[in-house]
$ cat target_27.txt   # compact mmCIF, C-alpha atoms
# COMPACT_ATOMS: atom_id res chain seq x y z
CA MET A 1 113.89 68.36 130.48
CA LEU A 2 116.92 66.41 129.30
CA ARG A 3 115.94 63.06 127.84
CA GLY A 4 118.13 59.97 127.51
CA GLU A 5 117.29 56.34 126.74
CA LYS A 6 117.13 55.14 130.33
CA VAL A 7 116.72 58.32 132.38
CA LEU A 8 115.54 61.87 132.09
CA LEU A 9 116.72 64.91 134.03
CA ARG A 10 113.95 67.30 135.02
CA ALA A 11 113.18 70.07 137.51
CA GLU A 12 113.11 69.02 141.14
CA THR A 13 109.69 69.02 142.86
CA LEU A 14 108.90 69.03 146.58
CA ASP A 15 107.67 65.42 146.18
CA ASP A 16 111.15 64.49 144.91
CA VAL A 17 112.75 66.25 147.85
CA GLU A 18 110.63 64.20 150.23
CA ALA A 19 111.19 60.91 148.40
CA LEU A 20 114.96 61.43 148.21
CA TYR A 21 115.40 62.80 151.74
CA PRO A 22 117.04 59.55 152.94
CA ILE A 23 119.97 59.81 150.52
CA ARG A 24 120.12 63.59 150.65
CA SER A 25 120.25 64.16 154.39
CA ALA A 26 119.75 61.05 156.50
CA ASP A 27 122.38 58.55 155.27
CA VAL A 28 125.59 59.25 157.19
CA GLU A 29 127.73 56.76 155.25
CA LEU A 30 126.66 58.13 151.88
CA HIS A 31 127.23 61.68 153.11
CA MET A 32 130.79 60.88 154.23
CA LEU A 33 131.47 59.31 150.84
CA GLY A 34 130.02 62.09 148.74
CA SER A 35 130.30 65.38 150.59
CA GLY A 36 133.24 67.39 151.85
CA ARG A 37 131.21 68.66 154.80
CA GLN A 38 130.59 66.99 158.10
CA TRP A 39 127.24 65.26 158.45
CA ARG A 40 124.77 66.82 160.85
CA PRO A 41 121.14 65.86 161.46
CA VAL A 42 118.75 67.83 159.26
CA ALA A 43 114.97 67.42 159.57
CA LEU A 44 112.82 66.73 156.50
CA GLU A 45 110.54 69.67 157.37
CA ASP A 46 113.53 72.03 157.24
CA VAL A 47 114.78 70.60 153.95
CA LEU A 48 111.28 71.05 152.47
CA ARG A 49 111.03 74.63 153.71
CA GLN A 50 114.44 75.42 152.19
CA ALA A 51 113.52 73.77 148.89
CA SER A 52 110.19 75.64 148.68
CA LYS A 53 112.02 78.95 148.92
CA ARG A 54 114.48 78.24 146.14
CA ASN A 55 114.32 80.77 143.35
CA PRO A 56 114.92 79.24 139.89
CA GLU A 57 116.44 82.54 138.70
CA GLU A 58 119.30 82.10 141.17
CA SER A 59 120.21 78.75 139.71
CA ILE A 60 121.48 80.33 136.49
CA GLU A 61 124.71 81.23 138.27
CA HIS A 62 124.80 79.28 141.48
CA GLY A 63 123.77 75.83 140.43
CA ILE A 64 121.08 73.61 139.09
CA ARG A 65 119.63 70.53 140.71
CA PHE A 66 117.97 68.03 138.44
CA THR A 67 115.89 65.10 139.55
CA VAL A 68 116.95 61.94 137.71
CA GLU A 69 113.90 59.85 136.79
CA THR A 70 113.92 56.39 135.23
CA ARG A 71 112.38 55.83 131.79
CA VAL A 72 112.81 52.06 131.95
CA ALA A 73 112.13 49.54 134.71
CA VAL A 74 114.79 47.49 136.48
CA PRO A 75 114.22 45.02 139.33
CA GLY A 76 112.79 46.96 142.27
CA VAL A 77 112.58 50.26 140.36
CA PRO A 78 109.61 50.90 138.04
CA ALA A 79 109.87 53.32 135.13
CA GLY A 80 109.00 56.87 136.19
CA THR A 81 110.71 56.66 139.59
CA PRO A 82 112.83 59.56 140.86
CA ILE A 83 116.09 57.76 141.72
CA GLY A 84 118.40 60.59 142.67
CA ASN A 85 119.88 63.96 141.79
CA ALA A 86 122.39 65.29 139.33
CA SER A 87 123.53 68.85 139.79
CA LEU A 88 125.79 71.56 138.47
CA PHE A 89 127.12 73.91 141.11
CA GLU A 90 129.70 76.66 141.60
CA VAL A 91 129.11 77.75 138.01
CA ASP A 92 131.78 80.34 137.12
CA LEU A 93 130.56 82.37 134.15
CA HIS A 94 133.94 84.12 133.73
CA GLN A 95 136.16 81.03 133.74
CA ARG A 96 133.27 79.14 132.09
CA LEU A 97 133.53 76.13 134.35
CA CYS A 98 131.35 74.31 136.87
CA ASN A 99 131.37 71.45 139.32
CA PHE A 100 128.98 68.55 139.15
CA GLY A 101 127.68 66.00 141.61
CA MET A 102 125.32 63.03 141.59
CA ARG A 103 123.67 60.85 144.20
CA PHE A 104 121.40 57.83 143.67
CA VAL A 105 119.32 55.50 145.82
CA ALA A 106 120.92 52.07 146.35
CA GLU A 107 118.33 50.10 144.31
CA ALA A 108 119.09 52.16 141.21
CA ARG A 109 122.85 51.71 141.23
CA GLY A 110 124.68 49.43 138.80
CA HIS A 111 122.33 49.84 135.83
CA GLY A 112 124.18 52.56 133.91
CA PHE A 113 121.78 55.28 135.02
CA GLY A 114 124.62 57.39 136.42
CA THR A 115 126.69 57.22 133.24
CA GLU A 116 123.75 58.31 131.14
CA ALA A 117 122.76 61.05 133.60
CA LEU A 118 126.31 62.44 133.56
CA GLY A 119 126.31 62.42 129.75
CA LEU A 120 123.09 64.44 129.75
CA LEU A 121 124.59 66.83 132.30
CA CYS A 122 127.69 67.32 130.09
CA ASP A 123 125.55 67.92 127.02
CA TYR A 124 123.62 70.55 128.96
CA ALA A 125 126.74 72.23 130.42
CA PHE A 126 128.72 72.34 127.17
CA ARG A 127 126.12 72.56 124.40
CA VAL A 128 123.28 74.47 126.07
CA ARG A 129 125.20 76.59 128.58
CA GLY A 130 128.39 77.05 126.53
CA LEU A 131 130.71 76.22 129.42
CA ASN A 132 134.30 75.19 128.68
CA ARG A 133 135.09 72.88 131.59
CA MET A 134 133.33 70.52 134.00
CA GLN A 135 135.03 69.21 137.07
CA CYS A 136 134.35 66.92 139.99
CA PHE A 137 136.08 66.51 143.34
CA THR A 138 135.69 63.00 144.70
CA LEU A 139 137.25 60.83 147.39
CA ALA A 140 139.77 58.28 146.11
CA ARG A 141 137.63 55.56 147.76
CA ASN A 142 134.48 56.55 145.84
CA GLY A 143 134.77 53.79 143.21
CA PRO A 144 131.32 54.25 141.58
CA MET A 145 131.82 58.01 141.00
CA ILE A 146 135.30 57.46 139.56
CA ALA A 147 134.02 54.70 137.26
CA VAL A 148 131.18 56.85 135.92
CA ALA A 149 133.37 59.92 135.36
CA THR A 150 136.03 57.85 133.59
CA ARG A 151 133.47 56.10 131.38
CA VAL A 152 132.04 59.44 130.26
CA GLY A 153 135.54 60.69 129.34
CA PHE A 154 136.71 62.70 132.33
CA ARG A 155 140.44 62.65 133.08
CA GLN A 156 141.97 62.48 136.52
CA GLU A 157 144.03 65.67 136.84
CA VAL A 158 145.00 66.00 140.49
CA ARG A 159 145.38 63.87 143.59
CA GLN A 160 145.05 66.09 146.65
CA ARG A 161 146.73 64.05 149.32
CA GLU A 162 144.82 63.62 152.60
CA ALA A 163 142.54 66.53 151.76
CA ALA A 164 139.43 65.08 153.41
CA TRP A 165 138.47 63.57 156.74
CA SER A 166 136.09 60.73 155.97
CA ASP A 167 134.95 57.72 157.98
CA GLY A 168 137.54 58.12 160.69
CA ARG A 169 140.61 58.76 158.58
CA TRP A 170 142.34 61.00 156.07
CA GLU A 171 141.42 60.35 152.46
CA ASP A 172 142.95 61.55 149.22
CA GLN A 173 140.67 63.62 147.05
CA LEU A 174 140.80 63.31 143.26
CA VAL A 175 139.86 65.97 140.73
CA PHE A 176 138.40 64.91 137.40
CA GLY A 177 138.03 67.35 134.50
CA LEU A 178 136.51 67.36 131.02
CA LEU A 179 136.81 70.16 128.45
CA ALA A 180 134.24 71.25 125.88
CA ASP A 181 136.28 70.22 122.81
CA GLU A 182 136.98 66.79 124.32
CA TRP A 183 133.26 66.33 124.94
CA LYS A 184 132.44 67.39 121.39
CA GLY A 185 134.96 64.88 120.03
CA LEU A 186 133.48 62.11 122.17
CA SER A 187 129.88 62.87 121.31
CA ASP A 188 130.61 63.27 117.57
CA ALA A 189 132.38 59.89 117.62
CA ALA A 190 129.42 58.26 119.38
CA ARG A 191 126.97 59.57 116.78
CA MET B 192 152.89 89.00 164.33
CA LEU B 193 154.89 86.30 162.61
CA ARG B 194 158.59 86.73 161.93
CA GLY B 195 160.56 84.85 159.24
CA GLU B 196 164.14 85.28 158.16
CA ARG B 197 163.36 88.14 155.80
CA VAL B 198 159.71 89.02 156.28
CA LEU B 199 157.23 89.98 158.94
CA LEU B 200 153.57 88.96 158.66
CA ARG B 201 151.18 91.27 160.51
CA ALA B 202 147.59 92.53 160.50
CA ARG B 203 146.57 94.56 157.47
CA THR B 204 145.86 98.24 157.97
CA ARG B 205 144.02 100.86 155.94
CA ALA B 206 147.37 102.29 154.79
CA ASP B 207 148.31 98.84 153.36
CA VAL B 208 145.14 98.88 151.29
CA GLU B 209 146.19 102.18 149.74
CA ARG B 210 149.60 100.79 148.82
CA MET B 211 148.12 97.56 147.47
CA TYR B 212 145.75 99.52 145.22
CA GLU B 213 148.52 99.45 142.62
CA LEU B 214 147.77 95.72 142.22
CA GLU B 215 143.99 96.15 142.47
CA ALA B 216 144.06 98.60 139.55
CA ASP B 217 146.20 96.41 137.27
CA PRO B 218 144.16 94.15 134.94
CA GLU B 219 147.27 92.21 133.89
CA HIS B 220 148.06 91.31 137.49
CA LYS B 221 144.44 90.42 138.26
CA MET B 222 144.29 88.14 135.24
CA LEU B 223 147.19 86.13 136.69
CA ALA B 224 146.26 86.30 140.36
CA ASP B 225 142.45 86.26 140.57
CA THR B 226 139.83 83.89 139.22
CA ARG B 227 137.38 86.79 138.86
CA PRO B 228 137.65 89.21 135.95
CA TRP B 229 139.22 92.59 136.61
CA VAL B 230 136.69 95.41 136.87
CA PRO B 231 137.55 99.03 137.67
CA TYR B 232 137.34 100.06 141.32
CA SER B 233 138.38 103.52 142.45
CA LEU B 234 140.65 103.82 145.45
CA ALA B 235 137.78 105.61 147.23
CA THR B 236 135.50 102.60 146.68
CA VAL B 237 138.13 100.17 147.95
CA LEU B 238 138.65 102.28 151.07
CA GLU B 239 134.89 102.63 151.68
CA GLN B 240 134.62 98.87 151.53
CA TRP B 241 137.49 98.60 154.02
CA ASP B 242 135.81 101.10 156.35
CA ARG B 243 132.52 99.19 156.25
CA ARG B 244 134.24 95.93 157.14
CA HIS B 245 136.15 97.56 159.99
CA ALA B 246 133.32 99.73 161.32
CA ASP B 247 132.90 97.66 164.49
CA GLY B 248 136.59 97.19 165.25
CA PRO B 249 138.24 93.92 164.16
CA PRO B 250 137.42 93.12 160.53
CA SER B 251 134.15 91.37 159.85
CA TRP B 252 135.78 88.95 157.41
CA ASN B 253 134.26 85.55 157.47
CA GLU B 254 136.19 83.13 159.64
CA ASN B 255 137.48 81.18 156.65
CA PHE B 256 139.72 84.01 155.50
CA ILE B 257 142.87 85.15 157.34
CA PRO B 258 144.70 88.04 155.65
CA PHE B 259 148.18 89.39 156.48
CA ALA B 260 150.32 92.29 155.34
CA VAL B 261 153.95 91.37 154.55
CA ASP B 262 156.83 93.67 155.55
CA SER B 263 160.47 93.35 154.54
CA LEU B 264 162.55 93.00 157.71
CA ALA B 265 165.50 94.69 156.00
CA THR B 266 163.70 97.89 155.01
CA GLY B 267 160.57 97.87 157.19
CA GLU B 268 158.55 98.54 154.02
CA MET B 269 155.28 96.80 153.23
CA ILE B 270 155.98 94.57 150.21
CA GLY B 271 152.70 92.71 149.72
CA GLY B 272 150.06 90.53 151.28
CA CYS B 273 149.28 86.89 151.90
CA VAL B 274 146.21 85.00 153.00
CA LEU B 275 144.86 81.67 154.15
CA TRP B 276 141.49 81.21 152.45
CA GLU B 277 138.77 78.57 152.50
CA LEU B 278 139.98 77.56 155.93
CA ASP B 279 138.08 74.31 156.54
CA GLN B 280 137.93 73.35 160.20
CA HIS B 281 136.38 69.95 159.49
CA ASN B 282 138.92 68.74 156.94
CA ARG B 283 141.57 70.81 158.70
CA ASN B 284 143.01 72.37 155.59
CA ALA B 285 143.32 75.77 153.96
CA HIS B 286 144.40 77.39 150.71
CA PHE B 287 147.28 79.76 150.45
CA GLY B 288 147.51 83.03 148.50
CA LEU B 289 150.33 85.54 148.02
CA GLU B 290 150.69 88.88 146.24
CA LEU B 291 153.93 90.87 146.15
CA LEU B 292 154.22 94.44 144.89
CA PRO B 293 156.18 94.54 141.58
CA ALA B 294 159.22 96.18 143.21
CA ALA B 295 159.55 93.28 145.69
CA ARG B 296 159.47 90.42 143.19
CA GLY B 297 162.42 88.24 142.15
CA GLN B 298 164.27 88.60 145.44
CA GLY B 299 163.27 85.39 147.18
CA TYR B 300 160.75 86.95 149.55
CA GLY B 301 158.03 84.55 148.37
CA THR B 302 159.76 81.44 149.73
CA ASP B 303 160.09 83.00 153.17
CA VAL B 304 156.45 84.12 153.17
CA VAL B 305 155.34 80.57 152.30
CA ARG B 306 157.45 79.16 155.14
CA VAL B 307 156.13 81.62 157.72
CA LEU B 308 152.50 81.13 156.71
CA CYS B 309 152.94 77.33 156.83
CA ASP B 310 154.38 77.62 160.31
CA TYR B 311 151.25 79.54 161.30
CA ALA B 312 148.92 77.05 159.58
CA PHE B 313 150.48 73.91 161.06
CA ARG B 314 151.89 75.02 164.41
CA VAL B 315 149.40 77.70 165.48
CA LEU B 316 146.16 76.61 163.75
CA GLY B 317 146.86 72.86 163.90
CA LEU B 318 145.88 72.22 160.28
CA HIS B 319 146.58 68.90 158.57
CA ARG B 320 147.17 70.19 155.05
CA VAL B 321 147.88 73.41 153.19
CA GLN B 322 147.14 73.72 149.50
CA LEU B 323 148.27 76.22 146.92
CA GLU B 324 147.04 76.64 143.35
CA THR B 325 148.81 78.76 140.80
CA LEU B 326 148.66 79.21 137.04
CA ALA B 327 151.20 77.03 135.23
CA ARG B 328 152.90 80.17 133.89
CA ASN B 329 153.54 81.59 137.37
CA THR B 330 157.04 80.19 137.73
CA ALA B 331 157.93 82.41 140.70
CA MET B 332 155.06 81.03 142.80
CA ARG B 333 155.81 77.46 141.74
CA LYS B 334 159.48 77.82 142.71
CA ALA B 335 158.53 79.26 146.09
CA ALA B 336 156.12 76.36 146.72
CA LEU B 337 158.72 73.71 145.88
CA ALA B 338 161.39 75.49 147.91
CA ALA B 339 159.08 75.46 150.93
CA GLY B 340 158.61 71.69 150.57
CA PHE B 341 155.26 71.47 148.78
CA GLN B 342 154.62 68.53 146.47
CA GLU B 343 153.13 69.01 143.02
CA GLU B 344 149.88 67.02 142.88
CA GLY B 345 148.65 67.68 139.33
CA MET B 346 147.11 70.33 137.11
CA LEU B 347 143.53 71.50 136.67
CA ARG B 348 143.24 72.15 132.94
CA ALA B 349 141.70 75.32 131.49
CA THR B 350 140.76 76.91 134.81
CA GLY B 351 142.17 80.38 134.15
CA TRP B 352 141.46 82.73 131.26
CA VAL B 353 144.60 84.72 130.44
CA GLY B 354 144.30 87.19 127.59
CA THR B 355 144.07 84.97 124.53
CA GLY B 356 143.43 81.52 125.93
CA TRP B 357 143.24 79.16 128.87
CA ASP B 358 145.96 78.26 131.32
CA GLY B 359 145.80 75.52 133.96
CA ASP B 360 146.20 75.68 137.72
CA VAL B 361 148.99 73.57 139.15
CA VAL B 362 148.06 72.20 142.58
CA TYR B 363 150.59 71.89 145.40
CA GLY B 364 150.01 70.27 148.78
CA LEU B 365 151.95 70.05 152.03
CA LEU B 366 150.97 67.87 154.99
CA ALA B 367 151.63 68.62 158.64
CA ARG B 368 153.93 65.62 159.13
CA GLU B 369 155.96 66.58 156.05
CA TRP B 370 156.27 70.10 157.42
CA ARG B 371 157.45 68.80 160.80
CA SER B 372 160.06 66.51 159.24
CA LEU B 373 161.33 69.38 157.05
CA ARG B 374 161.62 71.55 160.13
CA SER B 375 163.53 68.93 162.10
CA GLU B 376 166.16 68.78 159.34
CA VAL B 377 166.84 72.47 159.81
CA PRO B 378 168.73 73.40 163.01
CA THR B 379 166.56 75.70 165.12
CA GLN B 380 167.85 79.22 165.57
CA SER B 381 168.67 80.39 169.03
$ encode --input "target_27.txt" --output "structure tokens"
Amino acid sequence: MLRGEKVLLRAETLDDVEALYPIRSADVELHMLGSGRQWRPVALEDVLRQASKRNPEESIEHGIRFTVETRVAVPGVPAGTPIGNASLFEVDLHQRLCNFGMRFVAEARGHGFGTEALGLLCDYAFRVRGLNRMQCFTLARNGPMIAVATRVGFRQEVRQREAAWSDGRWEDQLVFGLLADEWKGLSDAAR
Amino acid sequence: MLRGERVLLRARTRADVERMYELEADPEHKMLADTRPWVPYSLATVLEQWDRRHADGPPSWNENFIPFAVDSLATGEMIGGCVLWELDQHNRNAHFGLELLPAARGQGYGTDVVRVLCDYAFRVLGLHRVQLETLARNTAMRKAALAAGFQEEGMLRATGWVGTGWDGDVVYGLLAREWRSLRSEVPTQS
């Protein structure tokens, strides 16, 4: 597992899938904010069946979902609670890049958990996996995601105008990128 | 088929695949035009793959991928191919790709291909946005995009490995309303 001060990133269990089903599949507003796909109803039993069939070997190329678990307590969230997911996906071993995404339950937001989780994800992608670039596509109205990415050191590279239909209108989509040598510079400076 | 001022866009045939093999077999071209690394494929393998996909008649491409062959109207020769890929019916957008055979480059065909494919994307498919990504060093593609009215929206850094280092992908976007206003400035041909 990947251990920080406030959170750790570990393998996802079926209990996590069940606990986090509301933010993963049932919350339409969150889905429109965080996913490029249209929301459709998905039953918990189907999500569990899909998760139980996942082969960890496949995740080496296609993507890795971590459960983010708290190591400290904040109001309403005891230590040891699974509070969301952080994942790498569309890993391209030739171009040595990947996308990342994160999603957290409402009670856990605003405590710096996301910033630390993204830092752990970067350390894993760059130092452990040897990738050269991480990127994230996010809606221009997704303030929390933009704030976390910026705090960790990602740069806004592109504004794709009206690239997404979200919440009844066209939204710009932003692309944030961070390169391995930039991350090394940032983490050396923080040490 | 779709007719521009200088090019014709039509369905790809097995004979086109044979002519395009020149590009498929060229690692230098693939390094500039494809995100995947070049690996050797024999012409026989490429044609077998084609035959499998076309075994039941119309190609069994997925629905997000619409390929065309490009002919020169002047000569009637096939000069390359273009494609709409990652067609997204929810967000109503698609990406644009173009490959010209070496002999057809530098003659302004690219700009006409972009225009014709945009006409298809906006007028026929009803898309809201078309996007094009190209390596920063691909000045021909970038010129064609700007000439067709695309706006430069930024650059993804270090997304393409080219020989000795990384290049970035410049992103261009064009919206349906921009396309319509560009069209209305040009007198329609009778």
$ interface_residues --input "target_27.txt" --of "chain B" --to "chain A" --cutoff "9 Å" --atoms "all atoms listed in the file" --output "ChimeraX atom specification"
/B:226-228,281-284,319-322,344-352,357,361-366
$ atom_distance --input "target_27.txt" --atom1 "CA of Thr81 (chain A)" --atom2 "CA of Leu118 (chain A)"
17.7 Å
$ atom_distance --input "target_27.txt" --atom1 "CA of Val237 (chain B)" --atom2 "CA of Gly271 (chain B)"
16.5 Å
$ closest_residue --input "target_27.txt" --among "A:Ile83, A:Leu2, A:Val91, A:Val105" --to "Thr70 (chain A)" --atoms "all atoms listed in the file"
A:Ile83
$ residues_around --input "target_27.txt" --residues "region 11-15 of chain A" --least-positions-apart "2" --cutoff "6 Å" --atoms "all atoms listed in the file" --output "CSV table (one decimal) with C-alpha atoms, in the coordinates of the input"
chain,number,residue,atom,x,y,z
A,17,VAL,CA,112.8,66.2,147.8
A,18,GLU,CA,110.6,64.2,150.2
A,66,PHE,CA,118.0,68.0,138.4
A,67,THR,CA,115.9,65.1,139.6
$ residues_around --input "target_27.txt" --residues "region 22-30 of chain A" --least-positions-apart "5" --cutoff "9 Å" --atoms "only C-alpha atoms" --output "PyMOL selection string"
chain A and resi 17+35+39-44+47+84-85+103-106+167
$ residues_around --input "target_27.txt" --residues "Gly267 (chain B)" --least-positions-apart "4" --cutoff "9 Å" --atoms "only C-alpha atoms" --output "PyMOL selection string"
chain B and resi 198-199+262-263
$ write_last_selection --input "target_27.txt" --atoms "C-alpha atoms" --output "mmCIF file, in the coordinates of the input"
data_model
loop_
_atom_site.group_PDB
_atom_site.id
_atom_site.type_symbol
_atom_site.label_atom_id
_atom_site.label_comp_id
_atom_site.auth_asym_id
_atom_site.auth_seq_id
_atom_site.Cartn_x
_atom_site.Cartn_y
_atom_site.Cartn_z
ATOM 1 C CA VAL B 198 159.710 89.020 156.280
ATOM 2 C CA LEU B 199 157.230 89.980 158.940
ATOM 3 C CA ASP B 262 156.830 93.670 155.550
ATOM 4 C CA SER B 263 160.470 93.350 154.540
#
$ residues_around --input "target_27.txt" --residues "Gly299 (chain B)" --least-positions-apart "5" --cutoff "12 Å" --atoms "all atoms listed in the file" --output "PyMOL selection string"
chain B and resi 196-198+263+291+304-306+331-332+334-336+338-339
$ residues_around --input "target_27.txt" --residues "Leu121 (chain A)" --least-positions-apart "2" --cutoff "8 Å" --atoms "only C-alpha atoms" --output "list in words"
Ala86, Ser87, Leu88, Ala117, Leu118, Gly119, Asp123, Tyr124 and Ala125 of chain A
$ decode --input "target_27.txt" --residues "region 110-119 of chain A" --atoms "all heavy atoms" --output "compact mmCIF listing (two decimals), in the first residue's frame"
# COMPACT_ATOMS: atom_id res chain seq x y z
N GLY A 110 -12.43 18.61 1.72
CA GLY A 110 -12.02 19.84 2.40
C GLY A 110 -11.05 19.63 3.55
O GLY A 110 -10.85 20.51 4.37
N HIS A 111 -10.44 18.45 3.63
CA HIS A 111 -9.47 18.19 4.70
C HIS A 111 -8.07 17.90 4.16
O HIS A 111 -7.20 17.43 4.87
CB HIS A 111 -9.93 17.01 5.56
CG HIS A 111 -11.24 17.26 6.25
ND1 HIS A 111 -11.36 18.10 7.33
CD2 HIS A 111 -12.49 16.80 5.99
CE1 HIS A 111 -12.63 18.14 7.73
NE2 HIS A 111 -13.33 17.36 6.92
N GLY A 112 -7.87 18.12 2.87
CA GLY A 112 -6.54 17.87 2.29
C GLY A 112 -6.28 16.42 1.96
O GLY A 112 -5.16 16.05 1.59
N PHE A 113 -7.29 15.57 2.09
CA PHE A 113 -7.11 14.15 1.77
C PHE A 113 -6.80 13.96 0.28
O PHE A 113 -5.96 13.15 -0.10
CB PHE A 113 -8.36 13.33 2.11
CG PHE A 113 -8.64 13.24 3.59
CD1 PHE A 113 -9.96 13.22 4.06
CD2 PHE A 113 -7.60 13.15 4.51
CE1 PHE A 113 -10.22 13.13 5.42
CE2 PHE A 113 -7.87 13.05 5.87
CZ PHE A 113 -9.18 13.05 6.33
N GLY A 114 -7.50 14.73 -0.56
CA GLY A 114 -7.33 14.59 -2.01
C GLY A 114 -5.93 14.98 -2.45
O GLY A 114 -5.31 14.31 -3.28
N THR A 115 -5.41 16.07 -1.89
CA THR A 115 -4.08 16.54 -2.26
C THR A 115 -3.04 15.50 -1.90
O THR A 115 -2.14 15.18 -2.68
CB THR A 115 -3.77 17.88 -1.54
OG1 THR A 115 -4.80 18.81 -1.90
CG2 THR A 115 -2.42 18.43 -1.95
N GLU A 116 -3.19 14.92 -0.69
CA GLU A 116 -2.22 13.91 -0.29
C GLU A 116 -2.36 12.64 -1.13
O GLU A 116 -1.37 12.03 -1.55
CB GLU A 116 -2.35 13.56 1.19
CG GLU A 116 -1.12 12.82 1.67
CD GLU A 116 -1.19 12.42 3.13
OE1 GLU A 116 -1.94 11.49 3.47
OE2 GLU A 116 -0.48 13.05 3.92
N ALA A 117 -3.60 12.26 -1.42
CA ALA A 117 -3.83 11.06 -2.23
C ALA A 117 -3.22 11.23 -3.63
O ALA A 117 -2.60 10.31 -4.16
CB ALA A 117 -5.33 10.77 -2.34
N LEU A 118 -3.38 12.43 -4.20
CA LEU A 118 -2.82 12.65 -5.55
C LEU A 118 -1.30 12.62 -5.51
O LEU A 118 -0.66 12.09 -6.42
CB LEU A 118 -3.33 13.97 -6.13
CG LEU A 118 -2.82 14.30 -7.54
CD1 LEU A 118 -3.07 13.17 -8.53
CD2 LEU A 118 -3.46 15.60 -8.05
N GLY A 119 -0.70 13.15 -4.44
CA GLY A 119 0.75 13.09 -4.28
C GLY A 119 1.24 11.65 -4.23
O GLY A 119 2.24 11.29 -4.87
